[in-house]
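Dumped upload31.txt below, it's compact mmCIF, C-alpha atoms:
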```txt
# COMPACT_ATOMS: atom_id res chain seq x y z
CA MET A 23 6.93 10.27 30.02
CA THR A 24 10.36 11.83 29.66
CA ALA A 25 11.06 12.80 26.06
CA VAL A 26 13.51 10.51 24.29
CA THR A 27 14.61 12.06 21.04
CA GLY A 28 16.42 10.24 18.29
CA ARG A 29 15.25 6.74 19.20
CA LYS A 30 15.66 4.20 16.42
CA VAL A 31 12.39 2.70 15.26
CA ALA A 32 11.88 -0.77 13.84
CA ILE A 33 9.04 -2.92 12.60
CA ALA A 34 9.03 -5.98 14.84
CA GLY A 35 5.85 -7.79 13.83
CA VAL A 36 3.70 -8.09 10.71
CA ALA A 37 0.79 -10.29 9.72
CA LEU A 38 -2.24 -10.69 7.52
CA SER A 39 -5.61 -11.95 8.63
CA ASP A 40 -7.44 -14.47 6.50
CA CYS A 41 -7.81 -12.82 3.09
CA GLY A 42 -9.54 -13.27 -0.21
CA ARG A 43 -12.98 -14.76 0.28
CA VAL A 44 -13.93 -14.53 3.96
CA ASP A 45 -17.69 -14.79 4.29
CA ASP A 46 -17.95 -15.63 7.98
CA ALA A 47 -16.02 -12.83 9.73
CA THR A 48 -16.71 -9.25 10.70
CA PRO A 49 -14.23 -6.42 10.13
CA TYR A 50 -13.62 -6.39 13.89
CA ALA A 51 -12.72 -10.08 13.81
CA LEU A 52 -10.26 -9.51 10.98
CA HIS A 53 -8.65 -6.65 12.94
CA ALA A 54 -8.25 -8.94 15.92
CA GLN A 55 -6.92 -11.86 13.89
CA ALA A 56 -4.28 -9.71 12.18
CA ALA A 57 -3.30 -8.05 15.47
CA ARG A 58 -2.87 -11.36 17.31
CA ARG A 59 -0.77 -12.75 14.49
CA ALA A 60 1.46 -9.65 14.35
CA LEU A 61 2.10 -9.83 18.10
CA ALA A 62 2.87 -13.54 17.81
CA ASP A 63 5.21 -12.77 14.92
CA ALA A 64 7.09 -10.28 17.10
CA GLY A 65 6.99 -12.53 20.16
CA LEU A 66 5.54 -9.74 22.28
CA ASN A 67 2.53 -9.48 24.56
CA ARG A 68 -0.17 -6.92 23.88
CA THR A 69 0.63 -5.26 27.22
CA VAL A 70 3.63 -3.55 25.57
CA ILE A 71 1.35 -1.63 23.18
CA ASP A 72 0.89 1.97 24.20
CA GLY A 73 0.15 3.39 20.77
CA PHE A 74 -2.62 2.49 18.35
CA ALA A 75 -3.62 3.54 14.84
CA SER A 76 -6.51 2.41 12.69
CA ALA A 77 -8.81 3.68 9.97
CA GLY A 78 -11.17 1.92 7.68
CA LEU A 79 -14.08 1.80 5.33
CA GLY A 80 -17.39 2.53 6.98
CA THR A 81 -17.66 3.64 10.60
CA LEU A 82 -14.96 1.72 12.47
CA ALA A 83 -13.48 4.27 14.86
CA PRO A 84 -10.07 3.66 16.52
CA VAL A 85 -11.62 3.90 19.98
CA GLU A 86 -14.04 1.10 19.10
CA VAL A 87 -11.40 -1.12 17.53
CA ALA A 88 -8.97 -0.55 20.41
CA GLU A 89 -11.63 -1.54 22.91
CA TYR A 90 -12.46 -4.66 20.88
CA LEU A 91 -8.76 -5.59 21.00
CA GLY A 92 -8.52 -4.92 24.74
CA LEU A 93 -6.12 -2.00 24.31
CA ARG A 94 -5.96 1.29 26.24
CA PRO A 95 -3.38 3.29 24.30
CA SER A 96 -1.92 6.62 25.41
CA TRP A 97 -1.11 7.61 21.81
CA VAL A 98 -3.60 7.26 18.96
CA ASP A 99 -3.87 8.14 15.29
CA SER A 100 -6.91 7.96 13.03
CA THR A 101 -5.53 9.76 9.98
CA SER A 102 -7.60 8.76 6.96
CA VAL A 103 -6.26 9.73 3.55
CA GLY A 104 -7.33 6.73 1.51
CA GLY A 105 -4.84 4.15 0.31
CA SER A 106 -1.84 6.13 1.57
CA THR A 107 -3.20 6.10 5.14
CA TRP A 108 -0.91 3.37 6.42
CA GLU A 109 2.37 4.79 5.15
CA VAL A 110 1.35 8.15 6.62
CA MET A 111 0.37 6.49 9.90
CA ALA A 112 3.66 4.58 9.99
CA ALA A 113 5.46 7.90 9.64
CA HIS A 114 3.46 9.40 12.48
CA ALA A 115 4.05 6.34 14.65
CA ALA A 116 7.79 6.39 13.97
CA ASP A 117 7.93 10.07 14.90
CA ALA A 118 6.00 9.39 18.12
CA ILE A 119 8.30 6.54 19.11
CA ALA A 120 11.42 8.55 18.27
CA ALA A 121 10.13 11.42 20.43
CA GLY A 122 9.34 9.15 23.37
CA HIS A 123 5.56 9.52 23.16
CA ALA A 124 5.11 5.78 22.68
CA ARG A 125 7.28 2.68 22.61
CA ALA A 126 5.12 0.20 20.70
CA VAL A 127 2.51 1.28 18.15
CA LEU A 128 0.11 -1.16 16.50
CA LEU A 129 -1.28 -0.32 13.06
CA VAL A 130 -4.23 -2.55 12.15
CA TYR A 131 -6.85 -2.79 9.41
CA GLY A 132 -9.68 -5.14 8.51
CA SER A 133 -12.39 -5.06 5.87
CA THR A 134 -15.07 -7.36 4.49
CA ALA A 135 -15.37 -5.30 1.31
CA ARG A 136 -16.02 -8.31 -0.90
CA ALA A 137 -18.40 -10.10 1.46
CA ASP A 138 -20.42 -6.92 1.97
CA ILE A 139 -21.01 -6.52 -1.75
CA LYS A 140 -21.83 -10.23 -2.15
CA ALA A 141 -24.40 -9.94 0.64
CA GLY A 142 -25.84 -6.70 -0.70
CA ARG A 143 -24.39 -4.61 2.12
CA ARG A 144 -22.89 -1.39 0.77
CA THR A 145 -21.01 -0.47 3.94
CA GLY A 146 -18.13 1.36 2.27
CA ASN A 147 -17.75 5.11 2.41
CA LEU A 148 -20.29 5.80 -0.32
CA SER A 149 -20.01 9.57 0.08
CA PHE A 150 -16.28 9.51 -0.67
CA GLY A 151 -15.92 11.41 -3.92
CA ALA A 152 -19.59 12.47 -4.10
CA ARG A 153 -19.95 15.37 -1.69
CA GLY A 154 -18.66 18.90 -1.25
CA PRO A 155 -17.00 20.33 -4.37
CA LEU A 156 -16.85 16.85 -5.89
CA GLN A 157 -20.62 16.74 -6.26
CA PHE A 158 -20.22 18.81 -9.41
CA GLU A 159 -18.13 16.08 -11.08
CA VAL A 160 -20.20 13.03 -10.18
CA PRO A 161 -23.29 13.82 -12.33
CA TYR A 162 -21.06 13.55 -15.39
CA GLY A 163 -19.90 10.07 -14.45
CA HIS A 164 -16.58 11.34 -13.17
CA THR A 165 -16.18 8.94 -10.27
CA LEU A 166 -13.11 7.19 -8.88
CA ILE A 167 -12.29 4.79 -11.72
CA ALA A 168 -13.00 7.43 -14.35
CA LYS A 169 -10.60 9.84 -12.65
CA TYR A 170 -7.77 7.31 -12.85
CA ALA A 171 -8.70 6.52 -16.42
CA MET A 172 -8.57 10.19 -17.39
CA ALA A 173 -5.12 10.53 -15.81
CA ALA A 174 -3.91 7.46 -17.69
CA ARG A 175 -5.20 8.85 -20.98
CA ARG A 176 -3.36 12.11 -20.34
CA HIS A 177 -0.09 10.24 -19.79
CA MET A 178 -0.66 8.26 -22.98
CA HIS A 179 -1.30 11.50 -24.90
CA ALA A 180 1.66 13.38 -23.44
CA TYR A 181 4.30 10.65 -23.55
CA GLY A 182 3.13 8.01 -25.99
CA THR A 183 2.55 5.43 -23.28
CA THR A 184 0.69 2.49 -24.79
CA ILE A 185 -2.14 0.36 -23.50
CA GLU A 186 0.09 -2.68 -24.00
CA GLN A 187 2.66 -1.17 -21.63
CA LEU A 188 -0.02 -0.59 -19.00
CA ALA A 189 -1.18 -4.17 -19.50
CA GLU A 190 2.37 -5.38 -18.76
CA VAL A 191 1.94 -4.13 -15.20
CA ALA A 192 -1.03 -6.45 -14.68
CA VAL A 193 0.70 -9.39 -16.36
CA GLN A 194 3.81 -9.12 -14.19
CA ALA A 195 1.80 -8.60 -11.01
CA ARG A 196 -0.02 -11.83 -11.76
CA ALA A 197 3.25 -13.64 -12.39
CA ASN A 198 4.49 -12.53 -8.97
CA ALA A 199 1.19 -13.62 -7.38
CA ALA A 200 1.64 -17.11 -8.82
CA ALA A 201 4.34 -17.76 -6.22
CA ASN A 202 2.23 -16.39 -3.35
CA PRO A 203 -0.06 -18.96 -1.72
CA GLU A 204 -2.02 -16.13 -0.06
CA ALA A 205 -2.83 -14.43 -3.38
CA MET A 206 -6.45 -14.50 -4.52
CA CYS A 207 -5.67 -14.70 -8.25
CA ARG A 208 -2.70 -16.84 -9.31
CA GLY A 209 -3.45 -18.09 -12.81
CA PRO A 210 -1.23 -16.64 -15.56
CA ILE A 211 -2.52 -13.90 -17.84
CA THR A 212 -1.19 -12.34 -21.04
CA VAL A 213 -1.26 -8.85 -22.50
CA ASP A 214 -3.97 -10.05 -24.88
CA ASP A 215 -6.03 -11.27 -21.91
CA VAL A 216 -5.83 -7.80 -20.37
CA LEU A 217 -6.69 -5.99 -23.60
CA SER A 218 -9.62 -8.25 -24.50
CA GLY A 219 -11.40 -8.00 -21.14
CA PRO A 220 -14.63 -6.08 -20.54
CA MET A 221 -14.22 -2.31 -20.58
CA ILE A 222 -14.61 -0.67 -17.17
CA ALA A 223 -13.51 2.93 -17.84
CA ASP A 224 -11.61 3.70 -21.01
CA PRO A 225 -8.75 2.75 -21.31
CA PHE A 226 -9.09 0.35 -18.36
CA THR A 227 -10.48 -3.11 -18.96
CA LYS A 228 -11.22 -5.38 -16.02
CA LEU A 229 -7.66 -6.66 -15.54
CA HIS A 230 -6.29 -3.12 -15.40
CA CYS A 231 -8.28 -2.77 -12.16
CA CYS A 232 -7.68 -4.23 -8.71
CA ILE A 233 -9.58 -7.21 -7.42
CA ARG A 234 -12.05 -6.85 -4.56
CA SER A 235 -11.38 -9.00 -1.53
CA ASP A 236 -11.82 -9.33 2.20
CA GLY A 237 -8.87 -9.18 4.56
CA GLY A 238 -6.86 -7.41 7.19
CA ALA A 239 -3.29 -6.63 8.12
CA ALA A 240 -1.28 -5.46 11.13
CA VAL A 241 2.14 -3.92 11.65
CA LEU A 242 3.84 -3.40 15.01
CA LEU A 243 6.44 -0.62 15.28
CA VAL A 244 8.67 -0.53 18.36
CA ALA A 245 11.46 1.43 19.96
CA GLY A 246 14.89 -0.13 19.71
CA GLU A 247 15.04 -1.10 23.38
CA LEU A 248 12.12 -3.52 22.94
CA LEU A 249 13.91 -5.53 20.29
CA ARG A 250 15.78 -7.63 22.84
CA ASP A 251 12.44 -9.25 23.69
CA CYS A 252 11.46 -9.88 20.06
CA ARG A 253 11.74 -13.16 18.20
CA THR A 254 12.22 -11.47 14.82
CA ALA A 255 15.04 -9.54 13.21
CA PRO A 256 14.28 -5.82 13.07
CA VAL A 257 13.38 -3.99 9.90
CA TRP A 258 14.30 -0.35 10.40
CA VAL A 259 12.25 2.66 9.41
CA LEU A 260 14.88 4.76 7.64
CA GLY A 261 12.86 7.61 6.17
CA THR A 262 9.31 8.70 5.49
CA GLY A 263 7.46 11.33 3.48
CA GLU A 264 3.86 12.36 2.98
CA HIS A 265 2.05 14.77 0.69
CA ILE A 266 -1.52 15.89 0.04
CA SER A 267 -2.19 17.06 -3.50
CA HIS A 268 -5.83 17.70 -4.48
CA THR A 269 -9.29 16.22 -4.37
CA THR A 270 -11.11 18.12 -7.12
CA MET A 271 -9.69 17.21 -10.51
CA SER A 272 -9.70 20.85 -11.62
CA GLU A 273 -7.22 21.59 -8.82
CA TRP A 274 -4.70 18.98 -9.99
CA PRO A 275 -2.01 20.89 -11.89
CA ASP A 276 -0.68 17.94 -13.90
CA PHE A 277 -2.46 14.60 -14.38
CA THR A 278 0.89 12.94 -15.14
CA VAL A 279 2.49 13.78 -11.77
CA SER A 280 1.34 12.05 -8.58
CA PRO A 281 1.94 13.25 -5.00
CA ALA A 282 4.56 10.49 -4.69
CA ALA A 283 6.90 12.91 -6.47
CA LEU A 284 7.16 14.84 -3.19
CA SER A 285 6.56 12.10 -0.61
CA GLY A 286 9.17 9.94 -2.31
CA ARG A 287 11.78 12.69 -2.49
CA LEU A 288 11.29 13.46 1.21
CA ALA A 289 11.50 9.79 2.22
CA PHE A 290 14.69 9.16 0.23
CA GLU A 291 16.33 12.35 1.51
CA ARG A 292 15.49 11.53 5.12
CA ALA A 293 16.69 7.95 4.70
CA GLY A 294 19.91 9.11 3.04
CA VAL A 295 19.52 6.69 0.13
CA ARG A 296 18.88 7.00 -3.62
CA PRO A 297 16.25 5.22 -5.70
CA GLU A 298 18.92 3.23 -7.52
CA GLU A 299 19.95 1.64 -4.20
CA ILE A 300 16.48 0.15 -3.60
CA ASP A 301 16.22 -3.61 -4.07
CA PHE A 302 12.44 -3.85 -4.55
CA ALA A 303 9.33 -1.69 -4.30
CA GLU A 304 5.81 -2.19 -2.99
CA ILE A 305 3.52 0.30 -4.73
CA TYR A 306 -0.21 0.85 -4.36
CA ASP A 307 -1.83 -0.53 -7.51
CA ALA A 308 -5.58 -0.11 -7.59
CA PHE A 309 -5.01 0.40 -11.34
CA THR A 310 -2.10 -0.36 -13.63
CA TYR A 311 -1.43 3.32 -14.28
CA MET A 312 -0.79 3.89 -10.55
CA THR A 313 2.21 1.57 -10.66
CA LEU A 314 3.65 3.14 -13.79
CA VAL A 315 3.37 6.79 -12.75
CA THR A 316 4.50 6.10 -9.17
CA LEU A 317 7.66 4.45 -10.47
CA GLU A 318 8.36 7.64 -12.40
CA ASP A 319 7.63 9.93 -9.48
CA LEU A 320 9.74 7.93 -7.03
CA GLY A 321 12.67 8.42 -9.39
CA PHE A 322 13.13 4.89 -10.72
CA CYS A 323 12.86 6.29 -14.24
CA GLY A 324 12.33 9.68 -15.83
CA LYS A 325 8.99 11.37 -16.35
CA GLY A 326 7.34 9.85 -19.38
CA GLU A 327 9.65 6.82 -19.34
CA GLY A 328 7.41 4.59 -17.24
CA GLY A 329 5.94 2.77 -20.22
CA ALA A 330 9.33 1.59 -21.45
CA PHE A 331 10.47 0.90 -17.88
CA VAL A 332 7.74 -1.64 -17.13
CA GLU A 333 8.40 -3.68 -20.28
CA LYS A 334 10.51 -6.82 -20.62
CA GLY A 335 9.75 -8.28 -17.20
CA ARG A 336 11.47 -5.57 -15.21
CA LEU A 337 8.92 -5.80 -12.36
CA LEU A 338 9.14 -9.56 -11.88
CA VAL A 339 10.52 -11.22 -8.77
CA ALA A 340 12.15 -13.81 -11.04
CA GLY A 341 14.83 -11.94 -12.97
CA GLY A 342 13.35 -8.46 -12.80
CA GLN A 343 15.61 -5.43 -12.53
CA LEU A 344 13.32 -3.88 -9.91
CA PRO A 345 10.81 -6.36 -8.49
CA VAL A 346 7.55 -4.51 -7.80
CA ASN A 347 4.56 -5.73 -5.80
CA THR A 348 6.21 -9.00 -5.04
CA ASP A 349 3.07 -10.54 -3.53
CA GLY A 350 0.96 -9.78 -6.61
CA GLY A 351 -0.31 -6.45 -5.36
CA GLY A 352 -3.87 -5.22 -5.40
CA LEU A 353 -4.17 -6.37 -8.99
CA SER A 354 -3.79 -10.05 -8.08
CA ALA A 355 -3.09 -10.76 -4.38
CA GLN A 356 -5.80 -8.97 -2.40
CA HIS A 357 -7.44 -5.57 -2.21
CA PRO A 358 -9.89 -5.10 0.66
CA GLY A 359 -9.79 -1.31 0.27
CA MET A 360 -7.12 1.04 1.69
CA ARG A 361 -4.44 -1.54 0.93
CA GLY A 362 -1.39 0.46 2.03
CA LEU A 363 -0.78 -1.64 5.15
CA PHE A 364 -0.34 -4.76 3.02
CA LEU A 365 2.59 -3.04 1.27
CA LEU A 366 4.44 -2.74 4.57
CA VAL A 367 3.73 -6.35 5.53
CA GLU A 368 5.13 -7.65 2.25
CA ALA A 369 8.18 -5.37 2.39
CA VAL A 370 9.06 -6.61 5.88
CA ARG A 371 8.64 -10.26 4.91
CA GLN A 372 10.93 -9.76 1.93
CA LEU A 373 13.63 -7.98 3.95
CA ARG A 374 13.57 -10.76 6.53
CA GLY A 375 13.84 -13.44 3.87
CA GLU A 376 10.44 -14.92 4.73
CA ALA A 377 8.73 -14.66 1.34
CA GLY A 378 9.16 -18.26 0.24
CA ASP A 379 9.06 -18.91 -3.50
CA ARG A 380 8.61 -15.21 -4.24
CA GLN A 381 11.69 -14.16 -2.26
CA VAL A 382 13.71 -11.35 -3.85
CA ARG A 383 17.44 -12.04 -4.01
CA ARG A 384 20.36 -9.78 -4.77
CA SER A 385 23.42 -10.90 -6.69
CA GLY A 386 24.99 -13.97 -5.14
CA GLY A 387 21.68 -14.98 -3.59
CA ARG A 388 21.89 -12.39 -0.83
CA LEU A 389 18.78 -11.03 0.85
CA PRO A 390 17.64 -7.54 -0.12
CA GLU A 391 18.82 -4.66 2.06
CA LEU A 392 16.55 -1.73 1.14
CA ALA A 393 12.89 -1.45 0.19
CA VAL A 394 10.37 1.27 -0.45
CA ALA A 395 6.62 1.13 0.18
CA SER A 396 4.53 3.89 -1.37
CA GLY A 397 0.79 4.22 -0.89
CA THR A 398 -1.59 6.41 -2.88
CA GLY A 399 -4.98 7.62 -1.71
CA GLY A 400 -8.08 8.83 -3.51
CA TRP A 401 -7.37 9.59 -7.18
CA PHE A 402 -3.74 10.58 -6.62
CA CYS A 403 -4.99 12.87 -3.85
CA SER A 404 -2.43 11.79 -1.25
CA SER A 405 0.77 9.83 -0.94
CA GLY A 406 2.85 8.29 1.81
CA THR A 407 6.27 6.74 1.21
CA VAL A 408 8.37 4.71 3.65
CA VAL A 409 11.96 3.55 3.12
CA LEU A 410 12.81 0.39 5.09
CA GLY A 411 16.17 -1.27 5.67
CA ARG A 412 17.51 -4.54 7.00
```
Is it possible to express this structure as structure tokens?
Amino acid sequence: MTAVTGRKVAIAGVALSDCGRVDDATPYALHAQAARRALADAGLNRTVIDGFASAGLGTLAPVEVAEYLGLRPSWVDSTSVGGSTWEVMAAHAADAIAAGHARAVLLVYGSTARADIKAGRRTGNLSFGARGPLQFEVPYGHTLIAKYAMAARRHMHAYGTTIEQLAEVAVQARANAAANPEAMCRGPITVDDVLSGPMIADPFTKLHCCIRSDGGAAVLLVAGELLRDCRTAPVWVLGTGEHISHTTMSEWPDFTVSPAALSGRLAFERAGVRPEEIDFAEIYDAFTYMTLVTLEDLGFCGKGEGGAFVEKGRLLVAGGQLPVNTDGGGLSAQHPGMRGLFLLVEAVRQLRGEAGDRQVRRSGGRLPELAVASGTGGWFCSSGTVVLGR
């Protein structure tokens, strides 16, 4: 293929598979369902796909998933950096398309995380966080949730962030989910509900933590010349950034700074926009603290100001200054593990004006123009940030 540099790259198709409680499907089936729906959304045939990217819990290899989908790609990516995987993969795919190495790249994910636990099948990556240097932390109970809890406690100690402020993140995510028919949890909750729940890892009670669900998602990125055959309006990839921080907690210089501080700065610089120009944000939220500290590190507020920033309904679709996780996020909508691809799906739907009752509007009822999706992997080990524009 002759190199084509500087191609514009757009997202042409997005979709979710069945999500929430899906007891009668395999991860492969959820991959296929999401992929078919994304192609139908774009109005394209699978024969245009020459690039493919997937990663997942367990042993699903891209070569196996591609074969299951009937694809024979000439460009492939299997980067796996936890929850930030899909923003990082989207960056790689956009670079490949811009360079002429592919013209249509499908990103697809599917997981039966909830069904596996219900059936007694522990098929997740059980060694994640329990091998190599990390084996010296695990005997002391320092596993994934505890790592996030420790980071949250450090922020509370350093900046006076309160547990009520962290609870506000969960309350507002649930309020956004109430308008999303695809959300798993839609009933309203209060700060008191969050605070009075069973303790999981101090300071996190149950509602500070993401739900566990089944589900899949797919995103199709294409070169500009394919858009004439698409049925959807393009959503442009304007800028991306990625950063790997640490894996061993002792190697993390500051528990109050996530790798989004660098991935976000790179994405905004490359997009040529500022945080204050963004209309809404989709942020990985396995725990309430992730939302708060990522908002700080992306530049929506100063370091240590996240607690005050998330108060007074600022994250709500209805009347919020910066709507965040407009579908309800991992705290209320769905979280089948490695949820970063769902952030991109929701951002595209919002920019197209296809979000129904949860649609974000600018002044005068106009559709939003700019969005950011930022995924976090591990325990703030990695970050990928993507700026999208209509």
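Among the candidates A:Asp236, A:Val213, A:Val191, A:Asn198, the one nearest to Phe309 in chain A when counting all atoms listed in the file is A:Val191.
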Exercise. Separation of CA of Arg208 in chain A and CA of Val44 in chain A, in Å?
Worked result: 17.5 Å
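Remark: for Gln194 in chain A, the closest of the candidate residues A:Ala64, A:Leu410, A:Leu229, A:Ile33 is A:Leu229 (distances computed over only C-alpha atoms).
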Exercise. CA of Ala289 in chain A to CA of Ala75 in chain A: how many Å, to one decimal?
Worked result: 20.7 Å
Exercise. Which polymer residues have any atom within 7 Å of an atom of range 120-136 of chain A, counting all atoms listed in the file, with same-chain residues fewer than 6 positions away left out, as a VMD selection string?
Worked result: chain A and resid 24 to 31 48 to 50 52 to 53 57 70 to 78 97 234 to 245 358 to 359
Excluding Ala293 in chain A and any residue of its chain fewer than 3 positions from it, enumerate the residues within 8 Å of it, using all atoms listed in the file, and give them as an mmCIF file with C-alpha atoms, keeping the file's coordinate frame.
```cif
data_model
loop_
_atom_site.group_PDB
_atom_site.id
_atom_site.type_symbol
_atom_site.label_atom_id
_atom_site.label_comp_id
_atom_site.auth_asym_id
_atom_site.auth_seq_id
_atom_site.Cartn_x
_atom_site.Cartn_y
_atom_site.Cartn_z
ATOM 1 C CA LEU A 260 14.880 4.760 7.640
ATOM 2 C CA GLY A 261 12.860 7.610 6.170
ATOM 3 C CA THR A 262 9.310 8.700 5.490
ATOM 4 C CA ALA A 289 11.500 9.790 2.220
ATOM 5 C CA PHE A 290 14.690 9.160 0.230
ATOM 6 C CA VAL A 409 11.960 3.550 3.120
#
```
Problem set entry | Among listed residues A:Ser285, A:Thr407, A:Ser96, A:Gln372, nearest Ile305 in chain A (using all atoms listed in the file) | A:Thr407
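Using all atoms listed in the file for every distance, the candidate list A:Leu91, A:Leu248, A:Leu373, A:Leu61 yields A:Leu373 as the residue closest to Leu389 in chain A.
Distance annotation: of A:Cys403, A:Leu284, A:Ile300, A:Val36, the residue with the minimal separation from Arg59 in chain A is A:Val36; atom set is only C-alpha atoms.
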Can you list every residue of range 219-294 of chain A that has an atom at most 6 Å from range 318-331 of chain A, with its nearest atom pair and the distance in Å to one decimal, using all atoms listed in the file, ordered by chain then number, as a tab-separated table?
```
residue	atom	partner	partner_atom	distance
A:Ala282	CA	A:Asp319	CA	5.7
A:Ala283	CA	A:Asp319	CA	4.3
A:Gly286	CA	A:Leu320	CA	5.2
```
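Computed from the coordinates, the CA of Met271 in chain A to CA of Leu353 in chain A distance equals 24.3 Å.
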